[in-house]
Amino acid sequence: GTRFPARAGDPRAARGGRALVVTAHPDDEAMFFAPALLGLRSAGAVVLLCLLFSGNYYNQGEIRKKELEQSCCVLGIPASDVTVIDHRDLLDDPAVEWDTQLLATLVLKHIEAKNINLVVTFDAGGVSGHANHISLYTAVRYLHSEGKLPEGCRVLVLESVNLFRKYISFLDVLISCLLPRDELFILTEEETEQAKRAMRCHRSQLLWFRQLYVLFSRYLVVNSLRLL
């Protein structure tokens, strides 16, 4: 397939790396992080995924776990590299603010157990403003600023953009290339189709507005990230 502008260099963060993408719910990996997941993998990193929830808010936990497995299979992440935490003291509810210490402890345990040297998660805007996304950023930022991460472990946060940029699909590649960032992942047309296929695995979540998201979101084509 034809390429969009070439990937922005071989990501420095990826070489020989073990990257952990930390998200909240099944479908975040395809909906927001597909360019980073695919980009890091093709740059030679081992990419693991850690989710806080199976997405049981509407009692769909088991269905969503299966969908997650299918989506990760499309993105090339084996089920053995995917962990769902589902901790009893963390309520899967967008209205609930989570305990930063607990969250930080759970994430750190995972980083240490899996020998991770790069963490990828949401930024302070949480991409969609979702409280649970922002809590993840707060917990990871706490680990980073308190010096609790293993030595040499770096953190990349996914840049939240305004509504206009969010929904202009590949046109945002041009804007992203011009603006300052620490890492930029741009998918080829083939890879973008792969990201969309992963997104469509989450059938229980594909409401009409999600269908529009698949068509227009820049996050299925480009991820710009900043180092903490």
# chains A, B, ... in the order shown; residues from 1 in each chain; ligands from 1
>>> select_by_dssp(residues="range 2-173 of chain A", states="alpha helix (DSSP H)", output="MDAnalysis selection string")
chainID A and resid 28:31 34:42 61:74 100:113 126:129 131:145 163:166 172:173
>>> residues_around(residues="Phe185 in chain A", least_positions_apart="4", cutoff="6 Å", atoms="only C-alpha atoms", output="number ranges by chain")
A: 7, 35-36, 39, 222-223
>>> residues_around(residues="range 206-213 of chain A", least_positions_apart="2", cutoff="12 Å", atoms="only C-alpha atoms", output="number ranges by chain")
A: 27, 30-32, 64, 67, 128, 163, 166-169, 196-204, 215-221
>>> write_last_selection(atoms="N, CA, C and O atoms", output="short mmCIF file (atom, residue, chain, number, x, y, z; two decimals), in the first residue's frame")
data_model
loop_
_atom_site.label_atom_id
_atom_site.label_comp_id
_atom_site.auth_asym_id
_atom_site.auth_seq_id
_atom_site.Cartn_x
_atom_site.Cartn_y
_atom_site.Cartn_z
N ASP A 27 -11.03 -2.03 24.04
CA ASP A 27 -11.23 -1.17 22.86
C ASP A 27 -10.38 0.09 22.89
O ASP A 27 -10.12 0.69 21.86
N ALA A 30 -7.36 -0.34 20.53
CA ALA A 30 -7.58 -0.14 19.09
C ALA A 30 -8.03 1.28 18.79
O ALA A 30 -7.62 1.89 17.80
N MET A 31 -8.85 1.83 19.68
CA MET A 31 -9.49 3.13 19.45
C MET A 31 -8.51 4.30 19.55
O MET A 31 -8.62 5.28 18.83
N PHE A 32 -7.52 4.17 20.46
CA PHE A 32 -6.61 5.29 20.71
C PHE A 32 -5.14 4.97 20.42
O PHE A 32 -4.40 5.83 19.97
N ARG A 64 -16.60 -8.85 26.37
CA ARG A 64 -15.57 -7.85 26.04
C ARG A 64 -14.17 -8.43 26.14
O ARG A 64 -13.28 -8.01 25.42
N GLU A 67 -13.64 -10.11 22.86
CA GLU A 67 -13.42 -9.10 21.82
C GLU A 67 -12.00 -8.53 21.92
O GLU A 67 -11.34 -8.30 20.91
N SER A 128 -10.34 11.59 25.56
CA SER A 128 -11.78 11.88 25.46
C SER A 128 -12.29 12.57 26.71
O SER A 128 -13.49 12.77 26.87
N LEU A 163 -11.25 18.86 19.23
CA LEU A 163 -12.25 18.11 18.46
C LEU A 163 -12.03 18.16 16.96
O LEU A 163 -12.17 17.16 16.27
N LYS A 166 -9.23 15.93 16.09
CA LYS A 166 -9.51 14.54 16.43
C LYS A 166 -10.24 13.82 15.29
O LYS A 166 -10.05 12.63 15.08
N TYR A 167 -11.08 14.59 14.55
CA TYR A 167 -11.93 13.94 13.55
C TYR A 167 -11.63 14.32 12.11
O TYR A 167 -12.51 14.32 11.27
N ILE A 168 -10.35 14.65 11.82
CA ILE A 168 -10.02 14.91 10.40
C ILE A 168 -9.12 13.81 9.86
O ILE A 168 -8.43 13.97 8.86
N SER A 169 -9.13 12.65 10.55
CA SER A 169 -8.45 11.45 10.07
C SER A 169 -7.02 11.74 9.64
O SER A 169 -6.27 12.41 10.35
N LYS A 196 -8.47 -0.49 12.00
CA LYS A 196 -9.94 -0.47 11.90
C LYS A 196 -10.52 -1.87 12.11
O LYS A 196 -11.57 -2.02 12.73
N ARG A 197 -9.79 -2.88 11.60
CA ARG A 197 -10.26 -4.27 11.82
C ARG A 197 -10.24 -4.59 13.30
O ARG A 197 -11.15 -5.24 13.82
N ALA A 198 -9.19 -4.13 13.98
CA ALA A 198 -9.09 -4.37 15.43
C ALA A 198 -10.25 -3.70 16.14
O ALA A 198 -10.90 -4.28 17.02
N MET A 199 -10.54 -2.48 15.73
CA MET A 199 -11.64 -1.72 16.32
C MET A 199 -12.98 -2.45 16.12
O MET A 199 -13.81 -2.52 17.02
N ARG A 200 -13.14 -3.02 14.93
CA ARG A 200 -14.41 -3.70 14.63
C ARG A 200 -14.57 -5.02 15.37
O ARG A 200 -15.66 -5.59 15.38
N CYS A 201 -13.49 -5.52 15.97
CA CYS A 201 -13.61 -6.73 16.80
C CYS A 201 -14.47 -6.47 18.03
O CYS A 201 -15.07 -7.38 18.58
N HIS A 202 -14.50 -5.20 18.44
CA HIS A 202 -15.27 -4.85 19.65
C HIS A 202 -16.73 -4.62 19.26
O HIS A 202 -17.27 -3.52 19.39
N ARG A 203 -17.35 -5.72 18.80
CA ARG A 203 -18.70 -5.60 18.24
C ARG A 203 -19.72 -5.07 19.24
O ARG A 203 -20.62 -4.33 18.87
N SER A 204 -19.59 -5.45 20.51
CA SER A 204 -20.58 -5.02 21.50
C SER A 204 -20.56 -3.50 21.70
O SER A 204 -21.49 -2.92 22.23
N LEU A 215 -14.38 5.83 11.04
CA LEU A 215 -14.18 6.51 9.75
C LEU A 215 -13.31 7.75 9.87
O LEU A 215 -12.49 8.03 8.99
N PHE A 216 -13.49 8.51 10.94
CA PHE A 216 -12.91 9.86 10.96
C PHE A 216 -11.81 10.13 11.98
O PHE A 216 -11.15 11.16 11.92
N SER A 217 -11.61 9.23 12.95
CA SER A 217 -10.67 9.57 14.02
C SER A 217 -9.21 9.55 13.57
O SER A 217 -8.76 8.60 12.94
N ARG A 218 -8.47 10.57 13.95
CA ARG A 218 -7.04 10.62 13.64
C ARG A 218 -6.27 9.57 14.45
O ARG A 218 -5.18 9.17 14.10
N TYR A 219 -6.86 9.10 15.57
CA TYR A 219 -6.15 8.14 16.43
C TYR A 219 -6.03 6.75 15.80
O TYR A 219 -5.34 5.90 16.33
N LEU A 220 -6.72 6.52 14.69
CA LEU A 220 -6.54 5.26 13.96
C LEU A 220 -5.47 5.40 12.89
O LEU A 220 -5.16 4.47 12.17
N VAL A 221 -4.90 6.60 12.78
CA VAL A 221 -3.86 6.86 11.76
C VAL A 221 -2.58 7.38 12.41
O VAL A 221 -1.49 7.00 12.02
#
>>> atom_distance(atom1="CA of Cys73 in chain A", atom2="CA of Ile134 in chain A")
26.9 Å
>>> closest_atom_pairs(of="range 70-130 of chain A", to="range 46-53 of chain A", cutoff="7 Å", atoms="only C-alpha atoms", output="tab-separated table")
residue	atom	partner	partner_atom	distance
A:Asp81	CA	A:Leu48	CA	5.0
A:Val82	CA	A:Leu49	CA	4.8
A:Thr83	CA	A:Cys50	CA	4.8
A:Val84	CA	A:Leu51	CA	4.8
A:Ile85	CA	A:Leu52	CA	4.9
A:Asp86	CA	A:Phe53	CA	4.8
A:Asp92	CA	A:Phe53	CA	6.8
>>> write_last_selection(atoms="C-alpha atoms", output="CSV table (one decimal), in the first residue's frame")
chain,number,residue,atom,x,y,z
A,81,ASP,CA,1.0,-10.4,26.8
A,82,VAL,CA,-2.4,-9.0,27.8
A,83,THR,CA,-3.3,-8.5,31.4
A,84,VAL,CA,-6.7,-7.3,32.8
A,85,ILE,CA,-6.3,-6.2,36.4
A,86,ASP,CA,-10.0,-6.0,37.5
A,92,ASP,CA,-15.5,0.6,36.7
>>> closest_residue(among="A:Asp182, A:Asp93, A:Asp99, A:Glu191", to="Leu37 in chain A", atoms="only C-alpha atoms")
A:Glu191
>>> closest_residue(among="A:Gly61, A:Gly44, A:Gly76, A:Gly17", to="Glu29 in chain A", atoms="only C-alpha atoms")
A:Gly76
>>> select_by_dssp(residues="range 60-156 of chain A", states="strand (DSSP E or B)", output="list in words")
Val82, Thr83, Val84, Leu118, Val119, Val120, Thr121, Phe122, Arg154, Val155 and Leu156 of chain A
>>> residues_around(residues="Gly125 in chain A", least_positions_apart="4", cutoff="12 Å", atoms="only C-alpha atoms", output="PyMOL selection string")
chain A and resi 121+129-138+157-162
>>> write_last_selection(atoms="N, CA, C and O atoms", output="mmCIF file, in the first residue's frame")
data_model
loop_
_atom_site.group_PDB
_atom_site.id
_atom_site.type_symbol
_atom_site.label_atom_id
_atom_site.label_comp_id
_atom_site.auth_asym_id
_atom_site.auth_seq_id
_atom_site.Cartn_x
_atom_site.Cartn_y
_atom_site.Cartn_z
ATOM 1 N N THR A 121 0.803 5.658 28.063
ATOM 2 C CA THR A 121 -0.554 5.796 28.581
ATOM 3 C C THR A 121 -1.153 7.131 28.140
ATOM 4 O O THR A 121 -0.588 7.830 27.295
ATOM 5 N N GLY A 129 -11.355 12.922 27.613
ATOM 6 C CA GLY A 129 -11.784 13.572 28.857
ATOM 7 C C GLY A 129 -12.352 12.595 29.881
ATOM 8 O O GLY A 129 -12.843 12.991 30.933
ATOM 9 N N HIS A 130 -12.311 11.281 29.593
ATOM 10 C CA HIS A 130 -12.854 10.253 30.482
ATOM 11 C C HIS A 130 -12.074 10.248 31.801
ATOM 12 O O HIS A 130 -10.853 10.182 31.805
ATOM 13 N N ALA A 131 -12.802 10.325 32.911
ATOM 14 C CA ALA A 131 -12.162 10.426 34.236
ATOM 15 C C ALA A 131 -11.207 9.265 34.495
ATOM 16 O O ALA A 131 -10.142 9.440 35.105
ATOM 17 N N ASN A 132 -11.572 8.066 34.051
ATOM 18 C CA ASN A 132 -10.719 6.894 34.284
ATOM 19 C C ASN A 132 -9.403 6.991 33.518
ATOM 20 O O ASN A 132 -8.363 6.563 33.997
ATOM 21 N N HIS A 133 -9.442 7.572 32.317
ATOM 22 C CA HIS A 133 -8.212 7.771 31.538
ATOM 23 C C HIS A 133 -7.282 8.750 32.277
ATOM 24 O O HIS A 133 -6.077 8.539 32.355
ATOM 25 N N ILE A 134 -7.887 9.803 32.797
ATOM 26 C CA ILE A 134 -7.107 10.842 33.478
ATOM 27 C C ILE A 134 -6.500 10.287 34.779
ATOM 28 O O ILE A 134 -5.359 10.597 35.122
ATOM 29 N N SER A 135 -7.250 9.407 35.471
ATOM 30 C CA SER A 135 -6.723 8.774 36.688
ATOM 31 C C SER A 135 -5.471 7.955 36.379
ATOM 32 O O SER A 135 -4.529 7.913 37.179
ATOM 33 N N LEU A 136 -5.465 7.288 35.233
ATOM 34 C CA LEU A 136 -4.295 6.502 34.836
ATOM 35 C C LEU A 136 -3.077 7.404 34.657
ATOM 36 O O LEU A 136 -1.990 7.085 35.128
ATOM 37 N N TYR A 137 -3.300 8.521 33.967
ATOM 38 C CA TYR A 137 -2.215 9.480 33.768
ATOM 39 C C TYR A 137 -1.688 9.962 35.125
ATOM 40 O O TYR A 137 -0.480 10.006 35.363
ATOM 41 N N THR A 138 -2.596 10.295 36.032
ATOM 42 C CA THR A 138 -2.210 10.803 37.352
ATOM 43 C C THR A 138 -1.353 9.780 38.103
ATOM 44 O O THR A 138 -0.341 10.127 38.718
ATOM 45 N N VAL A 157 3.264 9.816 26.949
ATOM 46 C CA VAL A 157 1.813 10.005 27.101
ATOM 47 C C VAL A 157 1.209 10.435 25.769
ATOM 48 O O VAL A 157 1.793 11.222 25.024
ATOM 49 N N LEU A 158 0.043 9.871 25.487
ATOM 50 C CA LEU A 158 -0.648 10.096 24.221
ATOM 51 C C LEU A 158 -1.315 11.459 24.220
ATOM 52 O O LEU A 158 -2.138 11.766 25.085
ATOM 53 N N GLU A 159 -0.964 12.268 23.234
ATOM 54 C CA GLU A 159 -1.437 13.652 23.190
ATOM 55 C C GLU A 159 -2.936 13.739 22.885
ATOM 56 O O GLU A 159 -3.424 13.151 21.921
ATOM 57 N N SER A 160 -3.649 14.459 23.738
ATOM 58 C CA SER A 160 -5.058 14.767 23.465
ATOM 59 C C SER A 160 -5.099 15.979 22.538
ATOM 60 O O SER A 160 -4.337 16.923 22.727
ATOM 61 N N VAL A 161 -5.963 15.935 21.539
ATOM 62 C CA VAL A 161 -6.065 17.073 20.615
ATOM 63 C C VAL A 161 -7.495 17.603 20.623
ATOM 64 O O VAL A 161 -8.401 16.943 21.126
ATOM 65 N N ASN A 162 -7.680 18.809 20.052
ATOM 66 C CA ASN A 162 -9.027 19.384 20.043
ATOM 67 C C ASN A 162 -9.951 18.592 19.111
ATOM 68 O O ASN A 162 -9.508 17.771 18.303
#
>>> closest_residue(among="A:Gly126, A:Leu143, A:Leu227, A:Ala95", to="Lys109 in chain A", atoms="only C-alpha atoms")
A:Leu143
>>> closest_residue(among="A:Leu91, A:Leu187, A:Val96, A:Leu149", to="Leu108 in chain A", atoms="only C-alpha atoms")
A:Leu149
>>> closest_residue(among="A:Gly55, A:Leu184, A:Arg165, A:Leu20", to="Val127 in chain A", atoms="only C-alpha atoms")
A:Arg165
